[in-house]
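Undergrad: Structure file structure.csv (CSV, C-alpha atoms and all ligand atoms) is given on the next line.
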chain,number,residue,atom,x,y,z
B,698,MET,CA,154.4,159.4,239.3
B,699,ASN,CA,157.9,161.0,239.7
B,700,LYS,CA,160.3,160.0,236.9
B,701,GLN,CA,163.1,157.9,238.3
B,702,GLU,CA,166.7,158.3,237.3
B,703,VAL,CA,168.1,155.0,236.0
B,704,ILE,CA,171.9,154.9,235.6
B,705,LEU,CA,173.9,152.1,233.9
B,706,CYS,CA,177.0,152.6,236.1
B,707,ASN,CA,180.6,152.8,235.0
B,708,GLU,CA,181.7,153.7,238.5
B,709,LEU,CA,179.1,152.6,241.1
B,710,GLU,CA,180.7,154.5,244.0
B,711,LYS,CA,180.8,157.8,242.0
B,712,ASP,CA,177.2,157.4,240.8
B,713,LEU,CA,176.0,156.4,244.2
B,714,LEU,CA,177.6,159.5,245.8
B,715,GLY,CA,175.9,161.6,243.1
B,716,ALA,CA,172.6,160.0,243.8
B,717,ILE,CA,172.9,160.4,247.6
B,718,LYS,CA,174.0,164.0,247.4
B,719,SER,CA,171.4,165.0,244.7
B,720,LYS,CA,169.0,166.1,247.5
B,721,PRO,CA,169.4,166.8,251.2
B,722,TYR,CA,168.6,164.1,253.8
B,723,ASP,CA,169.2,163.7,257.5
B,724,LYS,CA,170.1,160.0,258.0
B,725,LEU,CA,171.2,157.4,255.5
B,726,PHE,CA,170.1,153.8,255.8
B,727,ILE,CA,171.3,150.7,253.8
B,728,LEU,CA,169.1,147.6,253.5
B,729,THR,CA,170.8,144.3,252.6
B,730,ASP,CA,169.9,140.7,252.7
B,731,GLU,CA,172.2,137.9,254.0
B,732,HIS,CA,173.8,137.4,250.6
B,733,THR,CA,174.3,141.0,249.6
B,734,THR,CA,175.7,141.8,253.0
B,735,LEU,CA,178.5,139.4,252.3
B,736,HIS,CA,179.0,139.7,248.5
B,737,CYS,CA,177.9,143.2,247.4
B,738,LEU,CA,178.1,145.5,250.4
B,739,PRO,CA,181.9,145.5,250.4
B,740,VAL,CA,181.9,147.3,247.1
B,741,ILE,CA,180.3,150.4,248.5
B,742,ASN,CA,181.1,150.0,252.2
B,743,GLU,CA,183.8,152.7,252.3
B,744,LEU,CA,181.5,155.3,250.9
B,745,LEU,CA,178.7,154.2,253.2
B,746,LEU,CA,180.9,154.4,256.3
B,747,LYS,CA,182.1,157.9,255.2
B,748,ASN,CA,178.4,158.9,255.1
B,749,ASN,CA,177.5,157.3,258.4
B,750,ALA,CA,175.0,154.9,256.8
B,751,ILE,CA,173.0,152.8,259.3
B,752,SER,CA,172.6,149.1,258.4
B,753,ILE,CA,169.4,147.1,258.3
B,754,ALA,CA,169.7,143.4,257.4
B,755,ILE,CA,166.9,141.0,256.4
B,756,PRO,CA,166.8,137.3,255.5
B,757,ALA,CA,167.0,136.5,251.7
B,758,GLY,CA,164.4,134.8,249.6
B,759,ASP,CA,160.9,135.3,248.4
B,760,LEU,CA,159.4,133.4,251.3
B,761,ASN,CA,160.7,136.3,253.5
B,762,LYS,CA,159.0,139.0,251.4
B,763,ASN,CA,156.3,139.2,254.0
B,764,ILE,CA,154.7,141.4,256.6
B,765,GLU,CA,157.1,140.2,259.4
B,766,THR,CA,160.2,141.3,257.4
B,767,LEU,CA,158.5,144.6,256.5
B,768,ALA,CA,157.7,145.2,260.2
B,769,HIS,CA,161.3,144.5,261.0
B,770,VAL,CA,162.5,147.2,258.5
B,771,TRP,CA,159.9,149.7,259.9
B,772,THR,CA,161.0,148.9,263.4
B,773,GLN,CA,164.7,149.4,262.6
B,774,LEU,CA,164.0,152.6,260.8
B,775,SER,CA,162.0,153.9,263.7
B,776,GLN,CA,164.4,152.7,266.5
B,777,LYS,CA,167.4,154.0,264.6
B,778,GLY,CA,166.0,157.5,264.3
B,779,ALA,CA,164.8,157.7,260.7
B,780,THR,CA,162.6,160.7,259.9
B,781,ARG,CA,160.6,161.7,256.9
B,782,HIS,CA,163.8,163.3,255.5
B,783,SER,CA,165.9,160.1,255.7
B,784,LEU,CA,167.2,158.2,252.7
B,785,LEU,CA,167.1,154.4,252.2
B,786,ILE,CA,169.4,152.4,249.9
B,787,ASN,CA,168.1,149.0,248.9
B,788,LEU,CA,171.0,146.7,247.8
B,789,GLY,CA,169.8,143.3,246.6
B,790,GLY,CA,167.6,141.3,244.3
B,791,GLY,CA,163.9,141.8,243.5
B,792,MET,CA,162.8,140.7,247.0
B,793,THR,CA,164.9,143.4,248.6
B,794,THR,CA,164.0,146.2,246.2
B,795,ASP,CA,160.3,145.3,246.3
B,796,LEU,CA,160.2,145.1,250.1
B,797,GLY,CA,162.6,148.0,250.8
B,798,GLY,CA,160.7,150.1,248.3
B,799,PHE,CA,157.4,149.4,250.1
B,800,ALA,CA,159.0,150.1,253.5
B,801,ALA,CA,160.2,153.4,252.1
B,802,ALA,CA,156.9,154.2,250.5
B,803,THR,CA,155.0,153.7,253.8
B,804,PHE,CA,157.4,154.8,256.5
B,805,LYS,CA,156.3,158.2,257.8
B,806,ARG,CA,154.0,158.3,254.7
B,807,GLY,CA,157.0,158.0,252.4
B,808,ILE,CA,160.8,158.6,252.4
B,809,ARG,CA,163.2,158.8,249.4
B,810,TYR,CA,165.0,155.6,248.4
B,811,ILE,CA,167.6,154.4,245.9
B,812,ASN,CA,167.7,150.9,244.4
B,813,ILE,CA,171.0,149.1,243.6
B,814,PRO,CA,169.8,145.8,242.1
B,815,THR,CA,172.2,142.9,242.2
B,816,THR,CA,170.5,140.2,240.1
B,817,LEU,CA,169.6,140.3,236.4
B,818,LEU,CA,165.9,140.1,237.2
B,819,ALA,CA,166.0,143.0,239.5
B,820,MET,CA,168.1,145.1,237.1
B,821,VAL,CA,165.8,144.7,234.1
B,822,ASP,CA,162.5,144.5,235.8
B,823,ALA,CA,161.9,144.6,239.6
B,824,SER,CA,163.9,147.6,240.6
B,825,VAL,CA,162.7,149.8,237.7
B,826,GLY,CA,159.2,151.2,237.3
B,827,GLY,CA,158.0,151.9,240.8
B,828,LYS,CA,156.1,148.7,241.7
B,829,THR,CA,156.8,147.9,245.4
B,830,GLY,CA,155.2,145.4,247.7
B,831,ILE,CA,155.1,142.2,249.7
B,832,ASN,CA,153.5,138.8,249.5
B,833,PHE,CA,150.5,138.4,251.8
B,834,ASN,CA,148.3,135.4,252.8
B,835,GLY,CA,150.1,133.2,250.3
B,836,LEU,CA,149.5,135.6,247.4
B,837,LYS,CA,152.4,137.1,245.5
B,838,ASN,CA,152.7,140.9,245.6
B,839,GLU,CA,149.2,141.1,247.2
B,840,VAL,CA,149.9,144.3,249.1
B,841,GLY,CA,152.0,147.2,247.7
B,842,ALA,CA,152.2,150.6,246.2
B,843,PHE,CA,153.4,152.4,243.1
B,844,ALA,CA,156.4,154.4,244.5
B,845,PRO,CA,159.4,154.9,242.2
B,846,ALA,CA,163.0,154.9,243.6
B,847,SER,CA,164.5,158.4,243.1
B,848,SER,CA,167.5,156.6,241.5
B,849,VAL,CA,168.2,153.1,240.2
B,850,LEU,CA,171.9,152.3,239.9
B,851,ILE,CA,172.7,149.3,237.7
B,852,GLU,CA,176.1,147.8,238.2
B,853,THR,CA,176.4,144.9,235.9
B,854,ASP,CA,179.6,143.7,237.5
B,855,PHE,CA,177.4,142.1,240.1
B,856,LEU,CA,176.3,139.7,237.4
B,857,LYS,CA,179.7,138.1,237.2
B,858,THR,CA,179.0,136.2,240.4
B,859,LEU,CA,175.3,135.4,239.6
B,860,ASP,CA,174.5,131.7,239.3
B,861,GLN,CA,173.3,130.3,236.0
B,862,GLU,CA,169.7,129.8,237.1
B,863,ASN,CA,169.3,133.4,238.2
B,864,PHE,CA,170.9,134.6,235.1
B,865,PHE,CA,168.3,132.8,233.0
B,866,SER,CA,165.5,133.9,235.3
B,867,GLY,CA,166.4,137.5,234.5
B,868,TYR,CA,167.1,136.8,230.9
B,869,ALA,CA,163.4,135.7,230.4
B,870,GLU,CA,162.3,139.2,231.2
B,871,MET,CA,164.8,140.5,228.7
B,872,LEU,CA,163.4,138.2,226.1
B,873,LYS,CA,159.9,139.5,226.9
B,874,HIS,CA,161.2,143.0,226.4
B,875,GLY,CA,162.6,141.9,223.1
B,876,LEU,CA,159.3,140.5,222.0
B,877,ILE,CA,157.4,143.6,222.9
B,878,SER,CA,159.9,146.0,221.3
B,879,ASN,CA,161.4,145.1,217.9
B,880,THR,CA,162.6,142.2,215.7
B,881,GLU,CA,166.3,143.4,215.8
B,882,HIS,CA,166.5,143.3,219.6
B,883,TRP,CA,164.5,140.1,219.8
B,884,ALA,CA,166.9,138.4,217.4
B,885,GLU,CA,170.0,139.6,219.1
B,886,LEU,CA,168.7,138.2,222.4
B,887,LEU,CA,168.0,134.8,220.7
B,888,ASN,CA,171.5,134.9,219.2
B,889,PHE,CA,173.4,136.0,222.3
B,890,PRO,CA,175.7,133.1,223.3
B,891,THR,CA,174.5,132.2,226.8
B,892,ASP,CA,177.0,129.4,227.4
B,893,LYS,CA,180.0,131.7,227.7
B,894,LEU,CA,178.8,135.2,228.7
B,895,ASP,CA,180.4,138.2,227.2
B,896,TYR,CA,179.8,140.7,230.0
B,897,ALA,CA,180.5,143.8,228.0
B,898,LYS,CA,177.8,142.7,225.4
B,899,LEU,CA,175.5,141.7,228.3
B,900,LYS,CA,175.8,145.2,229.7
B,901,VAL,CA,174.7,146.7,226.4
B,902,LEU,CA,171.7,144.3,226.3
B,903,VAL,CA,170.8,145.2,229.9
B,904,GLY,CA,170.9,148.9,229.0
B,905,LYS,CA,168.5,148.3,226.0
B,906,SER,CA,166.2,146.2,228.1
B,907,VAL,CA,165.9,148.7,230.9
B,908,GLN,CA,165.2,151.5,228.3
B,909,ILE,CA,162.3,149.5,226.9
B,910,LYS,CA,160.8,149.1,230.3
B,911,GLU,CA,161.4,152.8,231.2
B,912,ASP,CA,159.8,154.0,228.0
B,913,ILE,CA,156.6,152.0,228.7
B,914,VAL,CA,156.4,152.9,232.3
B,915,GLU,CA,156.8,156.6,231.4
B,916,LYS,CA,153.8,156.4,229.1
B,917,ASP,CA,151.6,154.5,231.6
B,918,PRO,CA,153.0,154.4,235.1
B,919,TYR,CA,149.9,153.0,236.8
B,920,GLU,CA,149.2,150.2,234.3
B,921,GLN,CA,146.0,151.5,232.8
B,922,GLY,CA,147.0,150.6,229.3
B,923,ILE,CA,150.3,150.0,227.5
B,924,ARG,CA,152.2,149.0,230.7
B,925,LYS,CA,150.1,145.8,230.4
B,926,ALA,CA,152.5,144.9,227.5
B,927,LEU,CA,155.0,144.0,230.3
B,928,ASN,CA,152.6,141.2,231.4
B,929,LEU,CA,153.3,139.1,228.3
B,930,GLY,CA,154.0,135.6,229.4
B,931,HIS,CA,152.9,136.3,233.0
B,932,THR,CA,149.2,135.2,232.9
B,933,VAL,CA,150.3,131.6,232.3
B,934,GLY,CA,153.6,132.2,234.0
B,935,HIS,CA,152.1,133.1,237.3
B,936,ALA,CA,149.8,130.0,237.1
B,937,PHE,CA,152.9,127.8,236.5
B,938,GLU,CA,154.7,129.6,239.4
B,939,SER,CA,151.9,129.1,241.9
B,940,PHE,CA,151.4,125.5,240.8
B,941,SER,CA,155.1,124.8,241.3
B,942,PHE,CA,154.9,126.3,244.9
B,943,GLU,CA,151.8,124.1,245.6
B,944,LYS,CA,153.7,121.0,244.4
B,945,ASN,CA,156.6,122.0,246.7
B,946,CYS,CA,159.0,122.2,243.8
B,947,PRO,CA,159.2,126.0,243.3
B,948,VAL,CA,160.6,127.4,240.1
B,949,LEU,CA,162.3,130.8,239.7
B,950,HIS,CA,160.0,133.5,238.4
B,951,GLY,CA,161.7,134.0,235.1
B,952,TYR,CA,161.5,130.3,234.3
B,953,ALA,CA,157.8,130.4,234.8
B,954,VAL,CA,157.6,133.5,232.6
B,955,ALA,CA,159.6,131.8,229.8
B,956,TRP,CA,157.2,128.8,229.8
B,957,GLY,CA,154.3,131.3,229.9
B,958,VAL,CA,155.8,133.0,226.9
B,959,VAL,CA,155.7,129.7,225.0
B,960,CYS,CA,152.0,129.4,225.8
B,961,GLU,CA,151.0,133.0,225.1
B,962,LEU,CA,152.9,133.2,221.8
B,963,TYR,CA,151.0,130.2,220.7
B,964,LEU,CA,147.8,131.9,221.7
B,965,SER,CA,149.0,134.9,219.8
B,966,SER,CA,149.6,132.8,216.7
B,967,VAL,CA,146.0,131.5,216.9
B,968,LYS,CA,144.2,134.6,217.9
B,969,THR,CA,146.2,137.6,216.7
B,970,GLY,CA,148.3,136.1,213.8
B,971,PHE,CA,151.7,136.1,215.4
B,972,PRO,CA,154.1,134.5,212.8
B,973,THR,CA,154.7,130.8,213.3
B,974,ASP,CA,158.4,131.0,212.3
B,975,LYS,CA,159.0,133.5,215.1
B,976,LEU,CA,157.0,131.3,217.5
B,977,ARG,CA,159.1,128.3,216.6
B,978,GLN,CA,162.4,130.2,217.0
B,979,THR,CA,161.4,131.6,220.4
B,980,VAL,CA,160.1,128.2,221.6
B,981,GLN,CA,163.4,126.5,220.5
B,982,PHE,CA,165.5,129.0,222.5
B,983,ILE,CA,163.3,128.5,225.6
B,984,LYS,CA,163.3,124.8,225.3
B,985,GLU,CA,167.1,124.7,225.0
B,986,ASN,CA,167.9,127.0,227.8
B,987,TYR,CA,165.0,126.6,230.3
B,988,GLY,CA,164.0,122.9,229.9
B,989,CYS,CA,160.3,122.5,230.6
B,990,PHE,CA,157.8,122.6,233.4
B,991,ASP,CA,156.2,119.2,233.7
B,992,ILE,CA,152.4,119.1,233.3
B,993,ASP,CA,149.8,116.6,232.1
B,994,CYS,CA,146.2,117.0,231.1
B,995,ASN,CA,145.1,116.4,234.7
B,996,CYS,CA,146.7,119.7,235.7
B,997,TYR,CA,144.7,121.9,233.2
B,998,ASP,CA,141.8,122.6,235.5
B,999,LYS,CA,144.1,123.6,238.3
B,1000,LEU,CA,146.2,125.9,236.1
B,1001,TYR,CA,143.0,127.4,234.7
B,1002,ALA,CA,141.8,128.1,238.2
B,1003,TYR,CA,145.0,129.9,239.1
B,1004,MET,CA,144.6,132.0,235.9
B,1005,LEU,CA,141.0,132.9,237.0
B,1006,HIS,CA,142.4,134.3,240.2
B,1007,ASP,CA,145.0,136.5,238.5
B,1008,LYS,CA,144.8,140.1,239.8
B,1009,LYS,CA,145.1,141.4,236.2
B,1010,ASN,CA,141.6,140.1,235.4
B,1011,THR,CA,138.4,142.1,235.4
B,1012,ALA,CA,134.9,140.7,236.0
B,1013,GLY,CA,136.3,137.1,236.0
B,1014,ILE,CA,137.7,137.3,232.4
B,1015,ILE,CA,141.3,136.1,232.1
B,1016,ASN,CA,143.4,139.0,230.7
B,1017,PHE,CA,146.2,138.3,228.3
B,1018,THR,CA,148.7,140.5,226.5
B,1019,LEU,CA,149.2,139.0,223.0
B,1020,LEU,CA,151.3,140.0,220.0
B,1021,LYS,CA,150.4,140.4,216.3
B,1022,GLU,CA,154.1,140.6,215.5
B,1023,VAL,CA,157.3,141.3,217.5
B,1024,GLY,CA,156.6,144.8,218.8
B,1025,ASP,CA,153.0,144.8,217.8
B,1026,ILE,CA,151.1,144.5,221.1
B,1027,CYS,CA,147.5,143.6,221.7
B,1028,ILE,CA,146.5,144.3,225.4
B,1029,ASP,CA,143.3,143.2,227.1
B,1030,GLN,CA,142.8,140.0,225.1
B,1031,SER,CA,140.7,137.1,226.3
B,1032,ALA,CA,140.5,133.4,225.4
B,1033,THR,CA,137.9,130.6,226.0
B,1034,LYS,CA,138.6,127.7,228.3
B,1035,GLU,CA,138.8,125.5,225.2
B,1036,GLU,CA,141.4,127.8,223.6
B,1037,ILE,CA,143.4,127.8,226.9
B,1038,PHE,CA,143.3,124.0,227.1
B,1039,ASP,CA,144.5,123.8,223.4
B,1040,MET,CA,147.3,126.1,224.4
B,1041,PHE,CA,148.4,123.7,227.1
B,1042,ASP,CA,148.2,120.8,224.5
B,1043,PHE,CA,150.6,122.8,222.3
B,1044,TYR,CA,152.9,123.5,225.2
B,1045,ARG,CA,153.1,119.8,226.1
B,1046,GLU,CA,153.6,118.8,222.5
B,1047,CYS,CA,156.4,121.2,221.7
B,1048,MET,CA,158.1,120.5,225.1
B,1049,GLY,CA,157.9,116.8,224.3
B,1050,LEU,CA,155.7,116.0,227.4
M,1,LIG,N1,156.9,143.7,236.1
M,1,LIG,C1,156.0,144.3,235.3
M,1,LIG,C2,155.8,145.7,235.6
M,1,LIG,O1,156.7,146.4,236.2
M,1,LIG,O2,154.8,146.3,235.2
Reformat the file's structure so that it appears as structure tokens.

TA:
Amino acid sequence: MNKQEVILCNELEKDLLGAIKSKPYDKLFILTDEHTTLHCLPVINELLLKNNAISIAIPAGDLNKNIETLAHVWTQLSQKGATRHSLLINLGGGMTTDLGGFAAATFKRGIRYINIPTTLLAMVDASVGGKTGINFNGLKNEVGAFAPASSVLIETDFLKTLDQENFFSGYAEMLKHGLISNTEHWAELLNFPTDKLDYAKLKVLVGKSVQIKEDIVEKDPYEQGIRKALNLGHTVGHAFESFSFEKNCPVLHGYAVAWGVVCELYLSSVKTGFPTDKLRQTVQFIKENYGCFDIDCNCYDKLYAYMLHDKKNTAGIINFTLLKEVGDICIDQSATKEEIFDMFDFYRECMGL
């Protein structure tokens, strides 16, 4: 996979101009959703106008990350004269960077694209690492491709207008990066005051978080081995997320991941010896900042069924990434149904359910 350039911007316009001009192209396209058209596009609009960028707009929200929206982007590219040498800029959250990335990866068998993530989740996770795709037949990210952006431009000033829920959703992926990296980074994330954000400090933390992901993706771009570390919290997290959609009370991805982390760190403490004091401290942080996802023992079979359908599994065995310690990763771990049900008991007990 081509290495992507990830820039923590000091001057977005200057960095974007550099990224656009780094290779020749014929036409420039800018993809925005209904929110970023209003709130983020103005920041770069002058530069885009000077470079004759052609706009494509899509509706916001994960429900629109589908084949119809993708077809709309392909149609717009085609009707507005895009060629194999055109360049697409995706300006938005994970939905826009995933779908726009996939549109770019497939249009005329692939055109170059640049990501400008505008949410914390997209900055530290979705826009980095080359995973692109759409939801299909009710399944999340069911169709997609590994296709890295040529550049990812991270402008943390966009975070100043992010709502609290979306801040915490992204912060869960940062916490995951802390857990799979080192104790110092994990501890600074737990101690970062989240009630009154220091944006300069947040920018430093975002930079560290992105670096952790980049290092892993560089070693294993196609998730054959160590990239599975990034799945910590996601085996249970995806089950919570799907269940929340089924119950018609959808939760944000990062919230589901945070509750998944509670479960999978417990499993780590039982199966791979993760220290109980670090389990307790992480659970405390999540409980305080994320509240809890309400389950009772009648939900266990349903959650287990969701986990059995996870695309990370092989031969029907549920695949977990567990930890021996902060930064000491054990990929390709399994657990029995009984161990998984015990894990749900622990989750309910520590969340006071
Ligand atoms: N979001 C996990 C990964 O990029 O591998």

Undergrad: At what distance in Å, to one decimal, does atom CA of Val1023 of chain B lie from atom CA of Thr973 of chain B?

TA: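 Computing it gives 11.6 Å between the two atoms.
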
Undergrad: Considering only C-alpha atoms, state which residue in the set B:Phe1043, B:Phe804, B:Tyr722, B:Phe833 is at the smallest distance from Val967 of chain B.

TA: B:Phe1043

Undergrad: Mind checking which residues fall within 7 Å of segment 989-1002 of chain B, counting all atoms listed in the file, ignoring those fewer than 5 positions away in the same chain, and posting them as a PyMOL selection string?

TA: chain B and resi 936-937+984+1038+1048

Undergrad: Under the rule of at most 9 Å, produce a per-residue listing of chain B near ligand LIG 1 (chain M): chain, number, name, the closest pair of atoms, and the distance in Å, as JSON lines, using all atoms listed in the file.

TA:
{"residue": "B:Asp822", "atom": "CA", "partner": "M:LIG1", "partner_atom": "N1", "distance": 5.7}
{"residue": "B:Ala823", "atom": "CA", "partner": "M:LIG1", "partner_atom": "N1", "distance": 6.2}
{"residue": "B:Ser824", "atom": "CA", "partner": "M:LIG1", "partner_atom": "O1", "distance": 8.5}
{"residue": "B:Val825", "atom": "CA", "partner": "M:LIG1", "partner_atom": "O1", "distance": 7.1}
{"residue": "B:Gly826", "atom": "CA", "partner": "M:LIG1", "partner_atom": "O1", "distance": 5.5}
{"residue": "B:Gly827", "atom": "CA", "partner": "M:LIG1", "partner_atom": "O1", "distance": 7.3}
{"residue": "B:Lys828", "atom": "CA", "partner": "M:LIG1", "partner_atom": "O1", "distance": 6.0}
{"residue": "B:Glu870", "atom": "CA", "partner": "M:LIG1", "partner_atom": "N1", "distance": 8.6}
{"residue": "B:Lys910", "atom": "CA", "partner": "M:LIG1", "partner_atom": "O1", "distance": 7.7}
{"residue": "B:Ile913", "atom": "CA", "partner": "M:LIG1", "partner_atom": "O2", "distance": 8.8}
{"residue": "B:Val914", "atom": "CA", "partner": "M:LIG1", "partner_atom": "O2", "distance": 7.4}
{"residue": "B:Pro918", "atom": "CA", "partner": "M:LIG1", "partner_atom": "O2", "distance": 8.3}
{"residue": "B:Tyr919", "atom": "CA", "partner": "M:LIG1", "partner_atom": "O2", "distance": 8.5}
{"residue": "B:Glu920", "atom": "CA", "partner": "M:LIG1", "partner_atom": "O2", "distance": 6.9}
{"residue": "B:Arg924", "atom": "CA", "partner": "M:LIG1", "partner_atom": "O2", "distance": 5.9}
{"residue": "B:Lys925", "atom": "CA", "partner": "M:LIG1", "partner_atom": "O2", "distance": 6.7}
{"residue": "B:Ala926", "atom": "CA", "partner": "M:LIG1", "partner_atom": "O2", "distance": 8.2}
{"residue": "B:Leu927", "atom": "CA", "partner": "M:LIG1", "partner_atom": "C1", "distance": 5.1}
{"residue": "B:Asn928", "atom": "CA", "partner": "M:LIG1", "partner_atom": "C1", "distance": 6.0}
{"residue": "B:His931", "atom": "CA", "partner": "M:LIG1", "partner_atom": "C1", "distance": 8.9}

Undergrad: Could those residues be written to a file, using C-alpha atoms, as an mmCIF file, keeping the file's coordinate frame?

TA:
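In the end it all went to selection11.cif:
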data_model
loop_
_atom_site.group_PDB
_atom_site.id
_atom_site.type_symbol
_atom_site.label_atom_id
_atom_site.label_comp_id
_atom_site.auth_asym_id
_atom_site.auth_seq_id
_atom_site.Cartn_x
_atom_site.Cartn_y
_atom_site.Cartn_z
ATOM 1 C CA ASP B 822 162.500 144.500 235.800
ATOM 2 C CA ALA B 823 161.900 144.600 239.600
ATOM 3 C CA SER B 824 163.900 147.600 240.600
ATOM 4 C CA VAL B 825 162.700 149.800 237.700
ATOM 5 C CA GLY B 826 159.200 151.200 237.300
ATOM 6 C CA GLY B 827 158.000 151.900 240.800
ATOM 7 C CA LYS B 828 156.100 148.700 241.700
ATOM 8 C CA GLU B 870 162.300 139.200 231.200
ATOM 9 C CA LYS B 910 160.800 149.100 230.300
ATOM 10 C CA ILE B 913 156.600 152.000 228.700
ATOM 11 C CA VAL B 914 156.400 152.900 232.300
ATOM 12 C CA PRO B 918 153.000 154.400 235.100
ATOM 13 C CA TYR B 919 149.900 153.000 236.800
ATOM 14 C CA GLU B 920 149.200 150.200 234.300
ATOM 15 C CA ARG B 924 152.200 149.000 230.700
ATOM 16 C CA LYS B 925 150.100 145.800 230.400
ATOM 17 C CA ALA B 926 152.500 144.900 227.500
ATOM 18 C CA LEU B 927 155.000 144.000 230.300
ATOM 19 C CA ASN B 928 152.600 141.200 231.400
ATOM 20 C CA HIS B 931 152.900 136.300 233.000
#

Undergrad: Could you tell me how far atom CA of Gly1024 of chain B lies from atom CA of Leu850 of chain B, in Å and to one decimal?

TA: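 Going from atom CA of Gly1024 of chain B over to atom CA of Leu850 of chain B, I get 27.1 Å.
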
Undergrad: For Leu976 of chain B, which residue among B:Asp730, B:Glu1036, B:Glu1022, B:Asp712 is the nearest when counting all atoms listed in the file?

TA: B:Glu1022

Undergrad: Identify, on the basis of only C-alpha atoms, every residue whose closest approach to Leu876 of chain B does not exceed 12 Å; exclude the query and any residue fewer than 6 positions from it along the same chain; express the result as an MDAnalysis selection string.

TA: chainID B and resid 869:870 882:887 906 909 926:930 955 958:959 961:962 965 971 975:976 978:979 1018:1026

Undergrad: Counting all atoms listed in the file, which residues have an atom no more than 12 Å from (162.4, 156.0, 259.6) in the file's coordinates? Please list them as a ChimeraX atom specification.

TA: /B:722-727,751,753,768-785,797,800-810

Undergrad: Rounded to one decimal, what separation in Å do you get between atom CA of Gln1030 of chain B and atom CA of Phe843 of chain B?

TA: 24.3 Å

Undergrad: List the spatial neighbours of Ala842 of chain B as a list in words - criterion: any atom at most 7 Å away, only C-alpha atoms, same-chain residues fewer than 6 positions off excluded.

TA: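 Near neighbours after the sequence-gap exclusion: Phe799, Lys828, Thr829 and Gly830 of chain B.
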
Undergrad: Using all atoms listed in the file, can you tell me which of B:Met792, B:Ile983, B:Met871, B:Met698 comes closest to Val901 of chain B?

TA: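 Once distances to Val901 of chain B are computed over all atoms listed in the file, the minimum belongs to B:Met871.
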
Undergrad: Could you check the closest approach to Cys737 of chain B for each of B:Ile813, B:Leu767, B:Val840, B:Val980 and tell me which residue wins, using only C-alpha atoms?

TA: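 Using only C-alpha atoms, Cys737 of chain B sits closest to B:Ile813.
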
Undergrad: Quick one: residues within 8 Å of Pro947 of chain B, only C-alpha atoms counted, chain neighbours fewer than 5 positions away excluded, as a PyMOL selection string?

TA: chain B and resi 938+941-942

Undergrad: Given the choices B:Gln861, B:Asn742, B:Gln981, B:Asn761, which gets closest to Lys837 of chain B if the distance is worked out from only C-alpha atoms?

TA: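 Closest candidate: B:Asn761.
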